[in-house]
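Enquirer: Next comes structure10.pdb, PDB, C-alpha atoms and all ligand atoms:
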```pdb
MODEL        1
ATOM      1  CA  MET A   1     -10.335  19.491  11.195
ATOM      2  CA  THR A   2      -7.742  17.003  12.400
ATOM      3  CA  ASP A   3      -8.901  13.633  13.660
ATOM      4  CA  ASN A   4      -7.162  13.209  17.023
ATOM      5  CA  ARG A   5      -6.654   9.492  16.633
ATOM      6  CA  LYS A   6      -3.338   7.886  15.790
ATOM      7  CA  ALA A   7      -3.207   5.865  12.569
ATOM      8  CA  LEU A   8      -0.963   3.034  11.439
ATOM      9  CA  VAL A   9      -0.561   2.883   7.646
ATOM     10  CA  LEU A  10       0.297  -0.348   5.846
ATOM     11  CA  PHE A  11       3.015   1.232   3.749
ATOM     12  CA  SER A  12       4.863  -0.904   1.194
ATOM     13  CA  GLY A  13       6.461   1.904  -0.803
ATOM     14  CA  GLY A  14       4.190   1.535  -3.836
ATOM     15  CA  GLN A  15       1.835   4.035  -5.465
ATOM     16  CA  ASP A  16      -1.259   2.933  -3.566
ATOM     17  CA  SER A  17       0.194   2.814  -0.079
ATOM     18  CA  THR A  18       2.005   6.130  -0.581
ATOM     19  CA  THR A  19      -1.313   7.730  -1.532
ATOM     20  CA  CYS A  20      -2.803   6.156   1.607
ATOM     21  CA  LEU A  21       0.039   7.588   3.693
ATOM     22  CA  ALA A  22      -0.653  11.093   2.363
ATOM     23  CA  TRP A  23      -4.378  10.576   2.984
ATOM     24  CA  ALA A  24      -3.671   9.617   6.593
ATOM     25  CA  LEU A  25      -1.225  12.500   7.154
ATOM     26  CA  ASP A  26      -3.858  14.898   5.845
ATOM     27  CA  ARG A  27      -6.432  13.558   8.294
ATOM     28  CA  PHE A  28      -4.950  12.186  11.511
ATOM     29  CA  ALA A  29      -2.977  13.785  14.336
ATOM     30  CA  GLU A  30      -0.238  11.183  14.260
ATOM     31  CA  VAL A  31       0.725   8.569  11.693
ATOM     32  CA  GLU A  32       3.087   5.609  11.897
ATOM     33  CA  THR A  33       4.007   3.269   9.063
ATOM     34  CA  LEU A  34       4.374  -0.496   8.800
ATOM     35  CA  ALA A  35       5.694  -2.923   6.223
ATOM     36  CA  PHE A  36       6.098  -6.675   6.177
ATOM     37  CA  ASP A  37       9.239  -8.412   5.057
ATOM     38  CA  TYR A  38       8.243 -11.869   3.858
ATOM     39  CA  GLY A  39      10.972 -12.760   1.410
ATOM     40  CA  GLN A  40       9.582 -10.853  -1.535
ATOM     41  CA  ARG A  41      11.385 -11.715  -4.707
ATOM     42  CA  HIS A  42      12.210  -8.057  -5.128
ATOM     43  CA  ARG A  43      13.242  -6.020  -2.159
ATOM     44  CA  ILE A  44      13.312  -2.793  -4.131
ATOM     45  CA  GLU A  45       9.845  -1.796  -2.950
ATOM     46  CA  LEU A  46      10.992  -1.982   0.666
ATOM     47  CA  ALA A  47      14.047   0.098  -0.233
ATOM     48  CA  CYS A  48      11.805   2.785  -1.769
ATOM     49  CA  ARG A  49       9.949   3.228   1.516
ATOM     50  CA  ASN A  50      12.694   5.158   3.266
ATOM     51  CA  THR A  51      13.108   7.532   0.330
ATOM     52  CA  VAL A  52       9.367   8.170   0.094
ATOM     53  CA  ARG A  53       9.074   8.842   3.838
ATOM     54  CA  ALA A  54      12.069  11.204   3.766
ATOM     55  CA  GLU A  55      10.801  13.091   0.710
ATOM     56  CA  ILE A  56       7.311  13.468   2.195
ATOM     57  CA  ALA A  57       8.828  14.917   5.365
ATOM     58  CA  ARG A  58      11.090  17.224   3.363
ATOM     59  CA  GLN A  59       8.534  18.482   0.839
ATOM     60  CA  PHE A  60       5.471  18.673   3.102
ATOM     61  CA  PRO A  61       6.504  20.382   6.357
ATOM     62  CA  HIS A  62       2.905  20.462   7.617
ATOM     63  CA  TRP A  63       2.899  16.656   7.471
ATOM     64  CA  ALA A  64       6.445  16.103   8.753
ATOM     65  CA  GLY A  65       5.510  16.696  12.381
ATOM     66  CA  LYS A  66       2.786  14.049  12.213
ATOM     67  CA  LEU A  67       4.934  11.361  10.628
ATOM     68  CA  GLY A  68       6.005   9.055  13.431
ATOM     69  CA  ALA A  69       7.862   5.777  13.739
ATOM     70  CA  ASP A  70       8.364   3.270  10.957
ATOM     71  CA  HIS A  71       8.064  -0.462  11.592
ATOM     72  CA  LEU A  72       9.280  -3.422   9.548
ATOM     73  CA  LEU A  73       7.955  -6.798  10.687
ATOM     74  CA  ASP A  74       9.686  -9.993   9.656
ATOM     75  CA  LEU A  75       7.041 -12.360   8.285
ATOM     76  CA  SER A  76       9.451 -14.677   6.538
ATOM     77  CA  LEU A  77       7.337 -17.584   7.764
ATOM     78  CA  LEU A  78       4.939 -16.746   4.901
ATOM     79  CA  GLY A  79       7.533 -18.272   2.622
ATOM     80  CA  GLN A  80       6.979 -21.578   4.413
ATOM     81  CA  ILE A  81       3.238 -21.665   3.736
ATOM     82  CA  SER A  82       3.110 -20.336   0.208
ATOM     83  CA  ASP A  83       4.611 -21.172  -3.134
ATOM     84  CA  THR A  84       3.928 -18.233  -5.346
ATOM     85  CA  ALA A  85       5.542 -15.927  -7.820
ATOM     86  CA  LEU A  86       6.197 -13.397  -5.090
ATOM     87  CA  THR A  87       8.372 -15.694  -3.061
ATOM     88  CA  SER A  88       9.920 -18.039  -5.639
ATOM     89  CA  GLU A  89      11.119 -17.794  -9.196
ATOM     90  CA  ARG A  90       7.961 -19.131 -10.851
ATOM     91  CA  ALA A  91       6.538 -17.053 -13.675
ATOM     92  CA  ILE A  92       3.520 -14.883 -12.973
ATOM     93  CA  GLU A  93       0.502 -16.539 -14.557
ATOM     94  CA  LEU A  94      -3.219 -16.890 -14.038
ATOM     95  CA  GLN A  95      -4.326 -19.959 -12.113
ATOM     96  CA  ALA A  96      -7.417 -22.000 -12.914
ATOM     97  CA  ASN A  97      -9.441 -19.986 -10.375
ATOM     98  CA  GLY A  98      -8.692 -16.766 -12.269
ATOM     99  CA  LEU A  99      -6.401 -15.293  -9.639
ATOM    100  CA  PRO A 100      -2.785 -14.503 -10.441
ATOM    101  CA  ASN A 101      -0.347 -16.884  -8.765
ATOM    102  CA  THR A 102       1.100 -13.935  -6.876
ATOM    103  CA  PHE A 103      -1.773 -14.735  -4.539
ATOM    104  CA  VAL A 104      -0.776 -15.793  -1.034
ATOM    105  CA  PRO A 105      -3.972 -17.220   0.439
ATOM    106  CA  GLY A 106      -5.364 -14.970   3.142
ATOM    107  CA  ARG A 107      -2.259 -12.812   3.186
ATOM    108  CA  ASN A 108      -4.116  -9.636   4.110
ATOM    109  CA  LEU A 109      -5.891 -11.354   6.992
ATOM    110  CA  LEU A 110      -2.490 -12.132   8.491
ATOM    111  CA  PHE A 111      -1.128  -8.655   7.737
ATOM    112  CA  LEU A 112      -4.105  -6.920   9.334
ATOM    113  CA  THR A 113      -3.934  -9.086  12.440
ATOM    114  CA  PHE A 114      -0.248  -8.291  12.966
ATOM    115  CA  ALA A 115      -0.905  -4.624  12.150
ATOM    116  CA  ALA A 116      -3.714  -4.452  14.722
ATOM    117  CA  THR A 117      -1.545  -6.032  17.384
ATOM    118  CA  LEU A 118       1.192  -3.494  16.708
ATOM    119  CA  ALA A 119      -1.346  -0.641  16.552
ATOM    120  CA  TYR A 120      -2.721  -1.609  19.953
ATOM    121  CA  ARG A 121       0.749  -1.480  21.498
ATOM    122  CA  ARG A 122       1.486   1.863  19.816
ATOM    123  CA  GLY A 123      -1.769   3.476  20.911
ATOM    124  CA  ALA A 124      -3.174   3.647  17.375
ATOM    125  CA  SER A 125      -6.849   2.915  16.766
ATOM    126  CA  VAL A 126      -6.965   3.256  12.981
ATOM    127  CA  LEU A 127      -5.398   0.997  10.363
ATOM    128  CA  VAL A 128      -5.086   2.437   6.857
ATOM    129  CA  GLY A 129      -4.500   0.203   3.847
ATOM    130  CA  GLY A 130      -4.622   0.429   0.059
ATOM    131  CA  MET A 131      -6.932  -2.552  -0.440
ATOM    132  CA  CYS A 132      -9.029  -2.109  -3.541
ATOM    133  CA  GLU A 133     -11.988  -3.989  -5.021
ATOM    134  CA  THR A 134     -11.438  -2.515  -8.469
ATOM    135  CA  ASP A 135      -7.902  -3.928  -8.596
ATOM    136  CA  PHE A 136      -7.627  -6.294 -11.566
ATOM    137  CA  SER A 137      -6.300  -9.009  -9.314
ATOM    138  CA  GLY A 138      -9.555  -9.426  -7.428
ATOM    139  CA  TYR A 139      -7.977 -10.759  -4.257
ATOM    140  CA  PRO A 140     -10.821 -11.871  -1.954
ATOM    141  CA  ASP A 141      -8.906 -10.769   1.150
ATOM    142  CA  CYS A 142      -8.898  -7.193  -0.228
ATOM    143  CA  ARG A 143     -12.685  -6.924  -0.638
ATOM    144  CA  ASP A 144     -14.739  -4.486   1.358
ATOM    145  CA  ASN A 145     -16.821  -7.182   3.058
ATOM    146  CA  THR A 146     -13.622  -8.901   4.215
ATOM    147  CA  MET A 147     -12.353  -5.589   5.616
ATOM    148  CA  LYS A 148     -15.648  -4.959   7.425
ATOM    149  CA  ALA A 149     -15.539  -8.440   8.954
ATOM    150  CA  MET A 150     -11.906  -7.973  10.012
ATOM    151  CA  GLN A 151     -12.729  -4.632  11.586
ATOM    152  CA  VAL A 152     -15.383  -6.302  13.736
ATOM    153  CA  ALA A 153     -13.188  -9.292  14.599
ATOM    154  CA  LEU A 154     -10.177  -7.145  15.547
ATOM    155  CA  SER A 155     -12.239  -4.681  17.580
ATOM    156  CA  LEU A 156     -13.900  -7.529  19.484
ATOM    157  CA  GLY A 157     -10.696  -9.501  19.925
ATOM    158  CA  LEU A 158      -8.746  -6.486  21.205
ATOM    159  CA  ASP A 159     -11.742  -5.198  23.157
ATOM    160  CA  THR A 160     -11.135  -1.695  21.784
ATOM    161  CA  PRO A 161     -12.354   0.063  18.630
ATOM    162  CA  MET A 162     -10.032  -0.648  15.695
ATOM    163  CA  THR A 163     -11.099   1.144  12.520
ATOM    164  CA  LEU A 164      -9.954  -0.136   9.116
ATOM    165  CA  ASP A 165      -9.843   2.715   6.602
ATOM    166  CA  THR A 166      -9.386   1.824   2.937
ATOM    167  CA  PRO A 167      -9.563   5.075   0.932
ATOM    168  CA  LEU A 168      -8.858   3.330  -2.387
ATOM    169  CA  MET A 169     -11.465   0.557  -2.029
ATOM    170  CA  PHE A 170     -13.828   1.719  -4.767
ATOM    171  CA  ILE A 171     -11.643   3.862  -7.006
ATOM    172  CA  ASP A 172      -9.486   2.956 -10.004
ATOM    173  CA  LYS A 173      -5.838   3.814 -10.646
ATOM    174  CA  ALA A 174      -6.665   7.062 -12.456
ATOM    175  CA  ALA A 175      -8.754   8.208  -9.498
ATOM    176  CA  THR A 176      -5.902   7.235  -7.161
ATOM    177  CA  TRP A 177      -3.665   9.720  -9.032
ATOM    178  CA  HIS A 178      -6.406  12.357  -8.735
ATOM    179  CA  LEU A 179      -6.637  11.651  -5.001
ATOM    180  CA  ALA A 180      -2.886  12.164  -4.635
ATOM    181  CA  GLU A 181      -3.125  15.460  -6.516
ATOM    182  CA  SER A 182      -5.983  16.649  -4.298
ATOM    183  CA  LEU A 183      -3.919  15.833  -1.183
ATOM    184  CA  GLY A 184      -0.499  17.156  -2.169
ATOM    185  CA  GLY A 185      -0.770  18.806  -5.576
ATOM    186  CA  GLN A 186       1.648  18.157  -8.420
ATOM    187  CA  ALA A 187       4.518  17.888  -5.920
ATOM    188  CA  LEU A 188       2.990  14.722  -4.470
ATOM    189  CA  VAL A 189       2.151  13.337  -7.927
ATOM    190  CA  LYS A 190       5.774  13.879  -8.974
ATOM    191  CA  LEU A 191       7.072  12.273  -5.778
ATOM    192  CA  ILE A 192       4.875   9.204  -6.348
ATOM    193  CA  VAL A 193       5.879   8.955 -10.022
ATOM    194  CA  GLU A 194       9.587   9.147  -9.292
ATOM    195  CA  GLU A 195      10.061   7.440  -5.931
ATOM    196  CA  THR A 196       7.433   4.710  -5.520
ATOM    197  CA  HIS A 197       7.744   1.210  -6.930
ATOM    198  CA  THR A 198       5.095  -1.021  -8.494
ATOM    199  CA  CYS A 199       6.806  -3.285 -11.084
ATOM    200  CA  TYR A 200       6.398  -7.019 -10.401
ATOM    201  CA  LEU A 201       9.747  -7.732 -12.018
ATOM    202  CA  GLY A 202      11.565  -5.402  -9.654
ATOM    203  CA  GLU A 203      12.965  -3.274 -12.476
ATOM    204  CA  ARG A 204      13.580   0.410 -11.909
ATOM    205  CA  GLY A 205      14.910   1.021 -15.425
ATOM    206  CA  GLU A 206      14.178   4.253 -17.201
ATOM    207  CA  LEU A 207      11.795   6.846 -15.831
ATOM    208  CA  HIS A 208       8.574   6.717 -17.835
ATOM    209  CA  GLU A 209       5.927   9.425 -17.580
ATOM    210  CA  TRP A 210       4.153   7.189 -15.024
ATOM    211  CA  GLY A 211       7.270   6.114 -13.130
ATOM    212  CA  HIS A 212      10.021   3.510 -13.130
ATOM    213  CA  GLY A 213       9.408  -0.093 -14.186
ATOM    214  CA  CYS A 214       9.725  -2.703 -16.920
ATOM    215  CA  GLY A 215       6.624  -1.325 -18.674
ATOM    216  CA  HIS A 216       5.287  -4.776 -19.589
ATOM    217  CA  CYS A 217       4.279  -6.702 -16.469
ATOM    218  CA  PRO A 218       0.649  -6.506 -15.234
ATOM    219  CA  ALA A 219       1.559  -4.036 -12.469
ATOM    220  CA  CYS A 220       3.392  -1.690 -14.850
ATOM    221  CA  ALA A 221       0.612  -1.955 -17.438
ATOM    222  CA  LEU A 222      -2.025  -1.071 -14.844
ATOM    223  CA  ARG A 223       0.011   1.838 -13.505
ATOM    224  CA  ALA A 224       0.755   3.218 -17.008
ATOM    225  CA  LYS A 225      -2.892   2.911 -18.084
ATOM    226  CA  GLY A 226      -4.125   4.620 -14.927
ATOM    227  CA  PHE A 227      -1.660   7.462 -15.308
ATOM    228  CA  ALA A 228      -2.647   7.989 -18.973
ATOM    229  CA  GLN A 229      -6.319   8.131 -17.965
ATOM    230  CA  TYR A 230      -5.456  10.568 -15.159
ATOM    231  CA  LYS A 231      -3.553  12.862 -17.541
ATOM    232  CA  ALA A 232      -6.375  12.715 -20.072
ATOM    233  CA  SER A 233      -8.902  13.753 -17.438
ATOM    234  CA  ALA A 234      -6.727  16.297 -15.598
TER     235      ALA A 234
HETATM  236 ZN    ZN A 301       6.960  -4.081 -14.547
ENDMDL
END
```
Any chance you could give the structure as structure tokens?
Expert:
Amino acid sequence: MTDNRKALVLFSGGQDSTTCLAWALDRFAEVETLAFDYGQRHRIELACRNTVRAEIARQFPHWAGKLGADHLLDLSLLGQISDTALTSERAIELQANGLPNTFVPGRNLLFLTFAATLAYRRGASVLVGGMCETDFSGYPDCRDNTMKAMQVALSLGLDTPMTLDTPLMFIDKAATWHLAESLGGQALVKLIVEETHTCYLGERGELHEWGHGCGHCPACALRAKGFAQYKASA
């Protein structure tokens, strides 16, 4: 059963958002994608997006017809209101409040507001994002209660139902790999391993079993651990 609504997927080109894109293509009649350009230290993730979209269309013909326009919004103003490891050359470290300094305060609130505005104009009534409570980072603007509150605020403010779907909210990285396999089999797992980007340091480097990356940063460590757990439980 296909849901007749149009969905807009927050699609960065990483493992999580690519899994979300497949989830949306499996479910909704039409799917568009959105990314934000806010002066990330490493633009490689944005570069991976086009490859992932093209490979999904090529390898999954039943999804290709549903995959609509791609949008890239310039949010470079975020660089003016944040001073973090994502937008400057400071080292990634834990702050006193326990959050990594990659944290841009309230970033997802801004992203979702811009996404909803775009969705409204594009006739989409569903936003899909890879926010996750089990993520080691523990960003408060990724928590389920925050998403629920945003869904209400956006729906009221736009005076039309705007659903926020977060299929990864309560699952870990291993389960995210299992979800990808259930949606697109080993072909999708292979595509995600080879073409998506997660590494904080922006390294592609050699192709590990779990994908490209430096292998040492927190993002690589989490991805490698999740993939090992997935393989062990496959
Ligand atoms: Zn890395």
Enquirer: When the PyMOL selection byres (((chain A and resi 52) around 9) and not hetatm) is applied to the structure above, which residues does it catch, written out as a list in words?
Expert: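 After applying the PyMOL selection byres (((chain A and resi 52) around 9) and not hetatm), what remains is Gly13, Thr18, Cys48, Arg49, Asn50, Thr51, Arg53, Ala54, Glu55, Ile56, Ala57, Leu191, Ile192, Glu195 and Thr196 of chain A.
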Enquirer: Expanded to explicit residues, what is the PyMOL selection byres (((not hetatm)) within 7 of (chain A and resi 301)) for this file, as a ChimeraX atom specification?
Expert: /A:199-203,213-220
Enquirer: Measure the distance from CA of Gly68 (chain A) to CA of Val9 (chain A) in Å and round it to one decimal.
Expert: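 Answer for the CA of Gly68 (chain A) to CA of Val9 (chain A) separation: 10.7 Å.
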Enquirer: Between A:Gly129, A:Gly157, A:Gly205, A:Gly211, which one has atoms that come closest to Thr117 (chain A), using all atoms listed in the file?
Expert: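 Among the listed residues, the smallest separation from Thr117 (chain A) belongs to A:Gly157.
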Enquirer: A:Leu183, A:Lys173, A:Asp165, A:Tyr38: which is nearest Trp210 (chain A), counting only C-alpha atoms?
Expert: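 Using only C-alpha atoms, Trp210 (chain A) sits closest to A:Lys173.
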Enquirer: Could you work out an axis-aligned bounding box for all listed atoms of region 191-205 of chain A, with 4 Å added on each of the six sides, and give its centre and edge lengths in Å to one decimal, as AutoDock Vina command-line options?
Expert:
```
--center_x 9.9 --center_y 2.3 --center_z -10.5 --size_x 18.0 --size_y 28.0 --size_z 17.9
```
Enquirer: As a PDB file, in the coordinates of the input, please: region 52-67 of chain A completed to N, CA, C and O atoms.
Expert:
```pdb
ATOM      1  N   VAL A  52      10.686   7.536   0.155  1.00  0.00           N
ATOM      2  CA  VAL A  52       9.367   8.170   0.094  1.00  0.00           C
ATOM      3  C   VAL A  52       9.057   8.882   1.411  1.00  0.00           C
ATOM      4  O   VAL A  52       8.624  10.035   1.421  1.00  0.00           O
ATOM      5  N   ARG A  53       9.322   8.220   2.526  1.00  0.00           N
ATOM      6  CA  ARG A  53       9.074   8.842   3.838  1.00  0.00           C
ATOM      7  C   ARG A  53       9.901  10.119   4.001  1.00  0.00           C
ATOM      8  O   ARG A  53       9.398  11.151   4.451  1.00  0.00           O
ATOM      9  N   ALA A  54      11.181  10.044   3.614  1.00  0.00           N
ATOM     10  CA  ALA A  54      12.069  11.204   3.766  1.00  0.00           C
ATOM     11  C   ALA A  54      11.627  12.353   2.871  1.00  0.00           C
ATOM     12  O   ALA A  54      11.643  13.522   3.288  1.00  0.00           O
ATOM     13  N   GLU A  55      11.219  12.040   1.642  1.00  0.00           N
ATOM     14  CA  GLU A  55      10.801  13.091   0.710  1.00  0.00           C
ATOM     15  C   GLU A  55       9.471  13.719   1.143  1.00  0.00           C
ATOM     16  O   GLU A  55       9.272  14.924   0.986  1.00  0.00           O
ATOM     17  N   ILE A  56       8.569  12.915   1.686  1.00  0.00           N
ATOM     18  CA  ILE A  56       7.311  13.468   2.195  1.00  0.00           C
ATOM     19  C   ILE A  56       7.597  14.442   3.336  1.00  0.00           C
ATOM     20  O   ILE A  56       7.058  15.552   3.386  1.00  0.00           O
ATOM     21  N   ALA A  57       8.485  14.045   4.232  1.00  0.00           N
ATOM     22  CA  ALA A  57       8.828  14.917   5.365  1.00  0.00           C
ATOM     23  C   ALA A  57       9.511  16.198   4.890  1.00  0.00           C
ATOM     24  O   ALA A  57       9.272  17.281   5.426  1.00  0.00           O
ATOM     25  N   ARG A  58      10.339  16.074   3.854  1.00  0.00           N
ATOM     26  CA  ARG A  58      11.090  17.224   3.363  1.00  0.00           C
ATOM     27  C   ARG A  58      10.189  18.188   2.574  1.00  0.00           C
ATOM     28  O   ARG A  58      10.268  19.412   2.751  1.00  0.00           O
ATOM     29  N   GLN A  59       9.317  17.644   1.745  1.00  0.00           N
ATOM     30  CA  GLN A  59       8.534  18.482   0.839  1.00  0.00           C
ATOM     31  C   GLN A  59       7.220  18.970   1.444  1.00  0.00           C
ATOM     32  O   GLN A  59       6.603  19.900   0.920  1.00  0.00           O
ATOM     33  N   PHE A  60       6.758  18.312   2.502  1.00  0.00           N
ATOM     34  CA  PHE A  60       5.471  18.673   3.102  1.00  0.00           C
ATOM     35  C   PHE A  60       5.662  18.918   4.594  1.00  0.00           C
ATOM     36  O   PHE A  60       5.325  18.060   5.418  1.00  0.00           O
ATOM     37  N   PRO A  61       6.173  20.091   4.950  1.00  0.00           N
ATOM     38  CA  PRO A  61       6.504  20.382   6.357  1.00  0.00           C
ATOM     39  C   PRO A  61       5.292  20.268   7.289  1.00  0.00           C
ATOM     40  O   PRO A  61       5.455  19.891   8.456  1.00  0.00           O
ATOM     41  N   HIS A  62       4.092  20.560   6.764  1.00  0.00           N
ATOM     42  CA  HIS A  62       2.905  20.462   7.617  1.00  0.00           C
ATOM     43  C   HIS A  62       2.549  19.012   7.930  1.00  0.00           C
ATOM     44  O   HIS A  62       1.747  18.740   8.817  1.00  0.00           O
ATOM     45  N   TRP A  63       3.096  18.075   7.184  1.00  0.00           N
ATOM     46  CA  TRP A  63       2.899  16.656   7.471  1.00  0.00           C
ATOM     47  C   TRP A  63       4.066  16.073   8.276  1.00  0.00           C
ATOM     48  O   TRP A  63       3.907  15.071   8.973  1.00  0.00           O
ATOM     49  N   ALA A  64       5.224  16.686   8.169  1.00  0.00           N
ATOM     50  CA  ALA A  64       6.445  16.103   8.753  1.00  0.00           C
ATOM     51  C   ALA A  64       6.300  15.862  10.256  1.00  0.00           C
ATOM     52  O   ALA A  64       6.735  14.833  10.783  1.00  0.00           O
ATOM     53  N   GLY A  65       5.654  16.818  10.947  1.00  0.00           N
ATOM     54  CA  GLY A  65       5.510  16.696  12.381  1.00  0.00           C
ATOM     55  C   GLY A  65       4.578  15.576  12.822  1.00  0.00           C
ATOM     56  O   GLY A  65       4.611  15.143  13.974  1.00  0.00           O
ATOM     57  N   LYS A  66       3.734  15.129  11.892  1.00  0.00           N
ATOM     58  CA  LYS A  66       2.786  14.049  12.213  1.00  0.00           C
ATOM     59  C   LYS A  66       3.347  12.670  11.911  1.00  0.00           C
ATOM     60  O   LYS A  66       2.805  11.660  12.354  1.00  0.00           O
ATOM     61  N   LEU A  67       4.401  12.641  11.092  1.00  0.00           N
ATOM     62  CA  LEU A  67       4.934  11.361  10.628  1.00  0.00           C
ATOM     63  C   LEU A  67       5.815  10.747  11.704  1.00  0.00           C
ATOM     64  O   LEU A  67       6.898  11.233  11.996  1.00  0.00           O
TER      65      LEU A  67
END
```
